[in-house]
$ cat coords_37.txt   # compact mmCIF, C-alpha atoms
# COMPACT_ATOMS: atom_id res chain seq x y z
CA MET A 1 -62.43 7.58 -118.88
CA SER A 2 -65.51 7.12 -116.68
CA ALA A 3 -65.27 10.75 -115.51
CA PHE A 4 -64.84 11.83 -119.13
CA LEU A 5 -67.93 9.88 -120.16
CA TYR A 6 -69.88 11.32 -117.27
CA GLN A 7 -68.96 14.88 -118.21
CA ARG A 8 -69.75 14.37 -121.88
CA SER A 9 -73.14 12.72 -121.04
CA PHE A 10 -74.03 15.41 -118.57
CA HIS A 11 -73.05 18.16 -120.96
CA SER A 12 -75.00 16.62 -123.83
CA THR A 13 -78.09 16.01 -121.71
CA SER A 14 -78.21 19.56 -120.37
CA THR A 15 -77.77 20.98 -123.85
CA GLU A 16 -80.55 18.85 -125.19
CA SER A 17 -82.78 19.91 -122.30
CA CYS A 18 -82.19 23.57 -123.02
CA ASP A 19 -82.86 23.17 -126.72
CA LEU A 20 -86.04 21.19 -126.15
CA SER A 21 -87.38 23.26 -123.27
CA PRO A 22 -90.47 25.34 -124.12
CA ARG A 23 -89.22 27.97 -121.63
CA SER A 24 -86.06 28.69 -123.65
CA LYS A 25 -88.01 29.01 -126.88
CA PRO A 26 -91.63 29.85 -126.00
CA ASN A 27 -92.77 30.34 -129.58
CA SER A 28 -91.18 27.19 -131.02
CA PRO A 29 -93.40 24.18 -131.76
CA LYS A 30 -93.19 21.19 -129.44
CA PRO A 31 -91.00 18.35 -130.78
CA SER A 32 -92.72 15.20 -131.88
CA ALA A 33 -92.27 11.86 -130.10
CA ALA A 34 -90.29 10.60 -133.11
CA THR A 35 -87.81 13.49 -132.81
CA VAL A 36 -87.27 12.81 -129.11
CA SER A 37 -86.82 9.13 -129.85
CA ARG A 38 -84.19 9.82 -132.56
CA GLY A 39 -82.30 12.17 -130.24
CA SER A 40 -82.23 9.60 -127.45
CA ALA A 41 -81.03 6.88 -129.86
CA PHE A 42 -78.25 9.12 -131.17
CA LEU A 43 -77.16 9.92 -127.63
CA LEU A 44 -77.13 6.25 -126.72
CA ILE A 45 -74.99 5.38 -129.76
CA LEU A 46 -72.54 8.20 -128.92
CA VAL A 47 -72.15 7.05 -125.33
CA SER A 48 -71.69 3.44 -126.47
CA LEU A 49 -68.94 4.45 -128.91
CA LEU A 50 -67.12 6.38 -126.20
CA ILE A 51 -67.27 3.38 -123.90
CA VAL A 52 -65.84 1.13 -126.64
CA VAL A 53 -63.03 3.58 -127.42
CA GLY A 54 -62.24 3.88 -123.72
CA PHE A 55 -62.03 0.11 -123.39
CA LEU A 56 -59.82 -0.40 -126.46
CA SER A 57 -57.50 2.60 -126.08
CA PRO A 58 -54.90 0.77 -123.96
CA TYR A 59 -54.54 -1.80 -126.75
CA VAL A 60 -54.35 0.57 -129.70
CA GLU A 61 -50.91 1.93 -130.60
CA SER A 62 -50.57 5.68 -130.62
CA PRO A 63 -48.78 7.45 -133.50
CA ILE A 64 -45.71 7.78 -131.25
CA SER A 65 -45.53 4.05 -130.60
CA LEU A 66 -46.03 3.33 -134.27
CA LEU A 67 -43.11 5.60 -135.09
CA SER A 68 -40.97 3.82 -132.54
CA VAL A 69 -41.85 0.48 -134.15
CA ASN A 70 -40.85 1.84 -137.54
CA SER A 71 -37.66 3.22 -136.04
CA GLY A 72 -36.92 -0.17 -134.52
CA SER A 73 -37.37 -1.95 -137.82
CA SER A 74 -35.11 0.66 -139.45
CA ILE A 75 -32.43 0.04 -136.84
CA SER A 76 -32.73 -3.69 -137.46
CA LYS A 77 -32.30 -3.06 -141.18
CA TRP A 78 -29.04 -1.15 -140.76
CA LYS A 79 -27.72 -3.79 -138.36
CA THR A 80 -27.93 -6.36 -141.15
CA TYR A 81 -26.72 -3.95 -143.87
CA THR A 82 -23.50 -5.45 -145.25
CA LEU A 83 -20.39 -3.91 -146.76
CA ARG A 84 -21.25 -5.61 -150.05
CA ASP A 85 -24.72 -4.00 -150.01
CA ALA A 86 -23.37 -0.59 -149.06
CA ALA A 87 -20.56 -0.60 -151.64
CA ALA A 88 -22.93 -1.59 -154.42
CA TYR A 89 -25.32 1.19 -153.43
CA VAL A 90 -22.76 3.98 -153.07
CA ALA A 91 -20.01 3.27 -155.64
CA LYS A 92 -19.73 5.35 -158.80
CA ASN A 93 -17.37 4.39 -161.61
CA ASN A 94 -16.46 1.42 -159.41
CA THR A 95 -14.96 3.83 -156.85
CA LEU A 96 -15.69 4.55 -153.19
CA ILE A 97 -14.59 7.44 -150.97
CA VAL A 98 -14.27 5.95 -147.50
CA CYS A 99 -13.68 7.09 -143.95
CA ALA A 100 -13.89 5.26 -140.62
CA VAL A 101 -15.48 7.25 -137.82
CA SER A 102 -16.88 6.95 -134.31
CA GLU A 103 -19.60 9.06 -132.71
CA ALA A 104 -17.15 11.51 -131.11
CA TYR A 105 -15.98 12.62 -134.57
CA LEU A 106 -19.35 13.25 -136.22
CA GLN A 107 -18.72 16.99 -136.49
CA PHE A 108 -15.40 16.33 -138.25
CA LEU A 109 -17.21 13.89 -140.53
CA ASN A 110 -19.74 16.56 -141.45
CA ASN A 111 -17.02 19.12 -142.10
CA TRP A 112 -15.21 16.67 -144.38
CA VAL A 113 -18.44 15.77 -146.23
CA ILE A 114 -19.24 19.45 -146.86
CA SER A 115 -15.82 19.90 -148.48
CA ILE A 116 -16.41 16.83 -150.67
CA ALA A 117 -19.92 18.02 -151.61
CA ARG A 118 -18.34 21.21 -152.95
CA GLN A 119 -16.42 19.00 -155.40
CA LYS A 120 -19.62 17.08 -156.36
CA HIS A 121 -18.34 13.74 -155.02
CA GLN A 122 -20.53 13.30 -151.92
CA ASP A 123 -22.62 10.52 -153.49
CA GLU A 124 -19.55 8.25 -153.52
CA VAL A 125 -18.92 8.61 -149.77
CA LEU A 126 -19.24 5.51 -147.62
CA VAL A 127 -18.90 6.02 -143.87
CA ILE A 128 -17.58 2.99 -142.02
CA ALA A 129 -19.23 3.43 -138.63
CA GLU A 130 -17.16 2.03 -135.79
CA ASP A 131 -20.11 2.06 -133.36
CA TYR A 132 -23.86 1.62 -133.63
CA ALA A 133 -24.63 5.20 -132.61
CA THR A 134 -22.75 6.45 -135.67
CA LEU A 135 -24.35 3.85 -137.94
CA TYR A 136 -27.89 4.85 -136.97
CA LYS A 137 -27.29 8.59 -136.87
CA VAL A 138 -25.68 8.77 -140.32
CA ASN A 139 -28.22 6.47 -141.98
CA GLU A 140 -31.09 8.36 -140.35
CA ARG A 141 -29.92 11.53 -142.13
CA TRP A 142 -28.29 9.93 -145.18
CA PRO A 143 -29.79 6.48 -145.77
CA GLY A 144 -27.43 3.83 -147.08
CA HIS A 145 -24.21 5.82 -146.68
CA ALA A 146 -23.02 4.18 -143.46
CA VAL A 147 -22.17 0.58 -142.71
CA LEU A 148 -20.77 -1.17 -139.66
CA ILE A 149 -18.27 -3.97 -140.16
CA PRO A 150 -18.53 -6.22 -137.06
CA PRO A 151 -17.49 -6.31 -134.36
CA ALA A 152 -18.55 -2.83 -133.27
CA LEU A 153 -16.33 -0.81 -130.98
CA GLU A 154 -17.78 0.67 -127.82
CA ALA A 155 -18.94 4.24 -128.30
CA ALA A 156 -16.50 6.49 -126.49
CA SER A 157 -15.16 9.99 -126.38
CA ALA A 158 -12.40 10.94 -128.81
CA HIS A 159 -9.43 8.63 -128.26
CA LYS A 160 -6.17 10.30 -127.40
CA PHE A 161 -3.32 9.80 -129.87
CA GLY A 162 -1.07 7.05 -128.52
CA SER A 163 -3.78 5.47 -126.37
CA GLN A 164 -4.86 1.86 -126.64
CA GLY A 165 -8.30 3.07 -127.76
CA PHE A 166 -6.69 4.98 -130.62
CA PHE A 167 -4.68 1.89 -131.58
CA ASN A 168 -7.77 -0.34 -131.52
CA PHE A 169 -9.62 2.16 -133.70
CA THR A 170 -6.90 2.62 -136.34
CA ALA A 171 -5.87 -1.07 -136.34
CA ARG A 172 -9.13 -1.91 -138.13
CA ARG A 173 -8.30 0.29 -141.11
CA PRO A 174 -6.27 -2.16 -143.26
CA ARG A 175 -8.91 -4.87 -142.77
CA HIS A 176 -11.67 -2.54 -143.91
CA LEU A 177 -9.69 -1.53 -146.99
CA LEU A 178 -8.76 -5.11 -147.84
CA GLN A 179 -12.41 -6.15 -147.71
CA ILE A 180 -13.33 -3.35 -150.13
CA LEU A 181 -10.54 -4.39 -152.50
CA GLU A 182 -11.73 -8.00 -152.33
CA LEU A 183 -15.14 -6.76 -153.54
CA GLY A 184 -13.41 -5.28 -156.58
CA TYR A 185 -13.66 -1.53 -155.92
CA ASN A 186 -11.17 1.31 -156.16
CA VAL A 187 -11.09 3.09 -152.80
CA LEU A 188 -9.94 6.50 -151.66
CA TYR A 189 -9.51 6.49 -147.89
CA ASN A 190 -9.40 9.75 -145.87
CA ASP A 191 -9.28 10.58 -142.20
CA VAL A 192 -12.06 13.01 -141.35
CA ASP A 193 -9.72 15.73 -140.05
CA MET A 194 -9.12 16.56 -143.71
CA VAL A 195 -10.79 19.01 -146.06
CA TRP A 196 -10.97 18.99 -149.84
CA LEU A 197 -10.18 22.23 -151.63
CA ALA A 198 -10.27 20.66 -155.11
CA ASP A 199 -11.03 17.35 -156.81
CA PRO A 200 -8.22 14.86 -156.02
CA PHE A 201 -9.05 12.27 -158.67
CA PRO A 202 -7.18 13.96 -161.56
CA TYR A 203 -4.03 13.44 -159.48
CA MET A 204 -4.47 9.67 -159.36
CA LYS A 205 -2.65 9.34 -162.66
CA GLY A 206 -1.75 6.12 -164.39
CA GLU A 207 -2.55 2.62 -163.19
CA HIS A 208 -0.49 2.36 -160.02
CA ASP A 209 -1.58 0.05 -157.21
CA VAL A 210 -1.31 2.53 -154.35
CA TYR A 211 -1.21 6.34 -154.06
CA PHE A 212 -0.29 8.20 -150.86
CA MET A 213 1.11 11.43 -149.41
CA ASP A 214 4.32 12.05 -147.46
CA ASP A 215 3.90 13.04 -143.82
CA MET A 216 7.26 14.79 -143.60
CA ALA A 217 7.10 18.55 -143.14
CA PHE A 218 10.29 19.52 -144.96
CA VAL A 219 9.81 21.22 -148.33
CA LYS A 220 10.28 19.10 -151.44
CA PRO A 221 11.09 20.46 -154.92
CA PHE A 222 7.99 21.15 -157.01
CA ASN A 223 9.05 18.40 -159.42
CA HIS A 224 9.93 15.84 -156.74
CA SER A 225 10.02 12.11 -157.45
CA HIS A 226 6.82 10.12 -157.13
CA ASP A 227 8.68 7.01 -155.96
CA LEU A 228 8.64 5.73 -152.39
CA PRO A 229 10.98 8.04 -150.43
CA SER A 230 14.12 6.74 -148.76
CA PRO A 231 13.79 5.45 -145.19
CA GLY A 232 14.40 7.93 -142.38
CA LYS A 233 16.28 7.68 -139.09
CA LYS A 234 14.05 4.91 -137.76
CA GLY A 235 14.80 2.73 -140.77
CA ARG A 236 11.44 3.30 -142.40
CA THR A 237 9.64 5.89 -144.47
CA TYR A 238 7.18 8.43 -143.05
CA ILE A 239 4.21 8.04 -145.38
CA CYS A 240 0.82 9.15 -144.05
CA SER A 241 -1.70 6.36 -143.55
CA CYS A 242 -4.54 8.90 -143.45
CA LEU A 243 -4.88 9.36 -147.20
CA ILE A 244 -4.55 6.30 -149.42
CA TYR A 245 -5.94 5.53 -152.86
CA LEU A 246 -5.98 1.84 -153.81
CA ARG A 247 -6.89 -0.09 -156.93
CA PRO A 248 -8.23 -3.65 -156.49
CA THR A 249 -5.05 -5.38 -157.71
CA SER A 250 -3.38 -8.41 -156.19
CA ARG A 251 -0.40 -6.19 -155.30
CA ALA A 252 -2.55 -3.66 -153.42
CA LYS A 253 -4.13 -6.55 -151.51
CA LEU A 254 -0.66 -7.87 -150.72
CA LEU A 255 0.22 -4.51 -149.17
CA MET A 256 -2.94 -4.50 -147.02
CA LYS A 257 -2.21 -8.04 -145.82
CA ARG A 258 1.34 -7.07 -144.93
CA TRP A 259 0.01 -4.03 -143.06
CA ILE A 260 -2.32 -6.25 -141.04
CA GLN A 261 0.60 -8.57 -140.26
CA GLU A 262 2.78 -5.66 -139.10
CA MET A 263 -0.01 -4.49 -136.78
CA GLN A 264 -0.20 -7.96 -135.25
CA GLU A 265 3.56 -8.05 -134.78
CA GLN A 266 3.64 -4.57 -133.21
CA PRO A 267 0.71 -4.53 -130.76
CA TRP A 268 -0.01 -1.64 -128.44
CA SER A 269 1.62 -1.64 -125.01
CA LYS A 270 2.20 1.00 -122.35
CA ALA A 271 5.89 0.91 -123.12
CA LYS A 272 5.43 1.09 -126.90
CA LYS A 273 2.35 3.12 -127.77
CA ALA A 274 1.95 1.91 -131.31
CA ASN A 275 -0.49 3.12 -133.97
CA ASP A 276 -1.23 2.07 -137.52
CA GLN A 277 1.11 4.45 -139.37
CA PRO A 278 4.53 2.89 -138.51
CA ALA A 279 3.09 -0.51 -139.44
CA PHE A 280 1.89 0.88 -142.78
CA ASN A 281 5.36 2.22 -143.50
CA TRP A 282 7.03 -1.07 -142.58
CA ALA A 283 4.59 -2.79 -144.93
CA LEU A 284 5.48 -0.36 -147.72
CA ASN A 285 9.19 -0.85 -147.16
CA LYS A 286 8.98 -4.65 -147.00
CA THR A 287 6.92 -4.87 -150.19
CA SER A 288 9.06 -2.32 -152.05
CA GLY A 289 9.52 -3.48 -155.64
CA LEU A 290 6.51 -5.80 -155.37
CA VAL A 291 3.86 -3.08 -155.28
CA ASP A 292 3.57 -0.23 -157.79
CA VAL A 293 3.34 2.90 -155.61
CA TYR A 294 2.89 6.60 -156.38
CA LEU A 295 3.78 9.51 -154.09
CA LEU A 296 1.31 12.34 -154.63
CA PRO A 297 2.68 15.88 -155.19
CA GLN A 298 3.41 17.74 -151.97
CA THR A 299 2.00 21.03 -153.24
CA ALA A 300 -1.41 19.42 -153.69
CA PHE A 301 -1.37 17.08 -150.66
CA PRO A 302 0.64 18.76 -147.91
CA THR A 303 0.89 17.49 -144.37
CA GLY A 304 -0.43 19.75 -141.63
CA GLY A 305 3.08 20.30 -140.35
CA LEU A 306 3.87 22.07 -143.61
CA TYR A 307 0.61 23.80 -144.56
CA PHE A 308 -0.23 25.21 -141.13
CA LYS A 309 3.29 25.82 -139.83
CA ASN A 310 5.24 27.10 -142.85
CA LYS A 311 3.44 30.30 -143.77
CA THR A 312 5.96 31.18 -146.50
CA TRP A 313 5.43 27.86 -148.27
CA ALA A 314 1.64 28.11 -147.87
CA ARG A 315 1.66 31.59 -149.41
CA GLU A 316 3.91 30.55 -152.33
CA THR A 317 1.74 27.53 -153.14
CA GLU A 318 -1.64 29.15 -152.52
CA GLY A 319 -4.28 27.76 -154.85
CA MET A 320 -2.34 24.54 -155.50
CA GLN A 321 -3.58 22.61 -152.47
CA VAL A 322 -6.15 19.84 -153.06
CA ILE A 323 -6.56 18.14 -149.67
CA ILE A 324 -5.42 19.64 -146.36
CA HIS A 325 -4.71 17.39 -143.39
CA ASN A 326 -5.18 18.90 -139.94
CA ASN A 327 -2.44 16.86 -138.26
CA TYR A 328 0.73 17.80 -136.38
CA ILE A 329 -1.54 18.97 -133.59
CA LEU A 330 -3.07 17.02 -130.70
CA GLY A 331 -6.46 17.61 -129.17
CA PHE A 332 -10.02 17.62 -130.43
CA GLU A 333 -10.71 21.28 -129.62
CA LYS A 334 -7.32 22.44 -130.88
CA LYS A 335 -8.01 20.90 -134.29
CA ILE A 336 -11.38 22.65 -134.49
CA LYS A 337 -9.83 25.99 -133.49
CA ARG A 338 -7.13 25.64 -136.13
CA PHE A 339 -9.71 24.85 -138.81
CA ARG A 340 -11.73 27.89 -137.71
CA ASP A 341 -8.63 30.11 -137.77
CA TYR A 342 -8.00 29.09 -141.38
CA ARG A 343 -11.69 29.30 -142.36
CA LEU A 344 -11.80 25.57 -142.97
CA TRP A 345 -14.44 24.73 -140.34
CA PHE A 346 -17.60 24.73 -142.45
CA VAL A 347 -20.18 23.16 -140.15
CA ASP A 348 -20.96 26.38 -138.28
CA ASP A 349 -22.30 28.29 -141.28
CA HIS A 350 -22.59 25.78 -144.12
CA ALA A 351 -24.26 22.70 -142.64
CA SER A 352 -27.00 23.00 -145.27
CA GLU A 353 -24.42 21.96 -147.88
CA SER A 354 -24.05 18.56 -146.24
CA PRO A 355 -26.42 15.66 -146.89
CA LEU A 356 -26.19 15.12 -143.12
CA GLY A 357 -27.53 18.57 -142.34
CA ARG A 358 -26.72 20.04 -138.94
CA LEU A 359 -25.74 17.26 -136.54
$ encode --input "coords_37.txt" --output "structure tokens"
Amino acid sequence: MSAFLYQRSFHSTSTESCDLSPRSKPNSPKPSAATVSRGSAFLLILVSLLIVVGFLSPYVESPISLLSVNSGSSISKWKTYTLRDAAAYVAKNNTLIVCAVSEAYLQFLNNWVISIARQKHQDEVLVIAEDYATLYKVNERWPGHAVLIPPALEAASAHKFGSQGFFNFTARRPRHLLQILELGYNVLYNDVDMVWLADPFPYMKGEHDVYFMDDMAFVKPFNHSHDLPSPGKKGRTYICSCLIYLRPTSRAKLLMKRWIQEMQEQPWSKAKKANDQPAFNWALNKTSGLVDVYLLPQTAFPTGGLYFKNKTWARETEGMQVIIHNNYILGFEKKIKRFRDYRLWFVDDHASESPLGRL
């Protein structure tokens, strides 16, 4: 700062000298004493101001630091943002569309949101962030549409199916859903490796407690029963836990509580690499007759093992599908490639359709 002041003073003084010098302007009248006095006073004031600014500058926050303060207060806000607050802000017609996602799956989240936006339901989406990075990133782009239900999981790369990390991630699902039901909302849960091709809500007919899709890949008749299917070889059904619609009834809550109990009784181990879906099916089977369930039509809600692997069926039912699930395949990159192959990966060319923009 002292060098800066020296240069500015020197520059100003030399300029004044040139302007006032009779040699530079021989025909100009000589300045009066008052003019010289005013010029000197102005110069003194200018130098004094520069000295003051130089002294105070270390204590004055720059625009960058002010932005970081605002960012910090914003982060603090989302840390204390509760599920009750988020549900009240997002719900429409007392209904929420919910997913649970970690940072590794943000691109899948965006792809899913684009497909929902095309059906004009994006405003009802509530993202349950499983780590703080996801909470902040989503709310930065889409304020109020993400909430973290403590405790947070550690941010990590995509968990492999069958791993303990995958179990820990999916084991939280029934608790999240139960909490939403306790608040009195209808909730449609989706995994984010799904895409919407049409509006699913017209298919949630009647006043059943729970709606779900079958995860079996064999072809059902078009007019198949909507009851809980018969148990398979393992003594339980094979319903997908990745798409569930629940109404806030005591019976739906009973099912969620039973699901939580089954997860506790069947923890992950190296010998038995559990996940949430078998526990969900045991809960369905053990509450059969106590909970009013509805199996969604297979043509509209096919499993990935049917839609992507049975080309004849996919061709015969073209235009009937509502939600496609990209399962029956393992691997983050393989799922993306399959979506791209079927022109269902929208984030490359249609990110502008998402309220999240391009992540």
$ atom_distance --input "coords_37.txt" --atom1 "CA of Phe222 in chain A" --atom2 "CA of Thr299 in chain A"
7.1 Å
$ closest_residue --input "coords_37.txt" --among "A:Ala88, A:Leu359, A:Ile329, A:Ala152" --to "Leu109 in chain A" --atoms "only C-alpha atoms"
A:Leu359
$ residues_around --input "coords_37.txt" --residues "Leu96 in chain A" --least-positions-apart "3" --cutoff "6 Å" --atoms "all atoms listed in the file" --output "PyMOL selection string"
chain A and resi 91+124+187
$ residues_around --input "coords_37.txt" --residues "His224 in chain A" --least-positions-apart "3" --cutoff "9 Å" --atoms "only C-alpha atoms" --output "ChimeraX atom specification"
/A:220-221,227,297-298
$ closest_residue --input "coords_37.txt" --among "A:Asn327, A:Leu296, A:His226, A:Gly289" --to "Val192 in chain A" --atoms "all atoms listed in the file"
A:Asn327
$ residues_around --input "coords_37.txt" --residues "range 211-217 of chain A" --least-positions-apart "6" --cutoff "8 Å" --atoms "all atoms listed in the file" --output "list in words"
Met204, Tyr238, Ile239, Cys240, Ser241, Leu243, Ile244, Tyr245, Leu246, Val293, Tyr294, Leu295, Leu296, Pro297, Gln298, Phe301, Pro302, Thr303, Gly304, Gly305 and Leu306 of chain A
$ residues_near_point --input "coords_37.txt" --point "(-17.6, 18.3, -155.6)" --cutoff "12 Å" --atoms "all atoms listed in the file" --output "ChimeraX atom specification"
/A:112-125,195-201,322,353-354
$ residues_around --input "coords_37.txt" --residues "Ala100 in chain A" --least-positions-apart "4" --cutoff "10 Å" --atoms "all atoms listed in the file" --output "list in words"
Tyr105, Leu109, Leu126, Val127, Ile128, Ala129, Glu130, Ala146, Val147, Leu148, Phe169, Thr170, Arg172, Arg173, His176, Tyr189, Asn190, Asp191 and Val192 of chain A
$ closest_residue --input "coords_37.txt" --among "A:Phe339, A:Val219, A:Glu333, A:Tyr81" --to "Ala104 in chain A" --atoms "only C-alpha atoms"
A:Glu333
$ atom_distance --input "coords_37.txt" --atom1 "CA of Arg141 in chain A" --atom2 "CA of Asn111 in chain A"
15.0 Å
$ closest_residue --input "coords_37.txt" --among "A:Ala300, A:Glu103, A:Leu135, A:Gly184" --to "Pro202 in chain A" --atoms "all atoms listed in the file"
A:Ala300
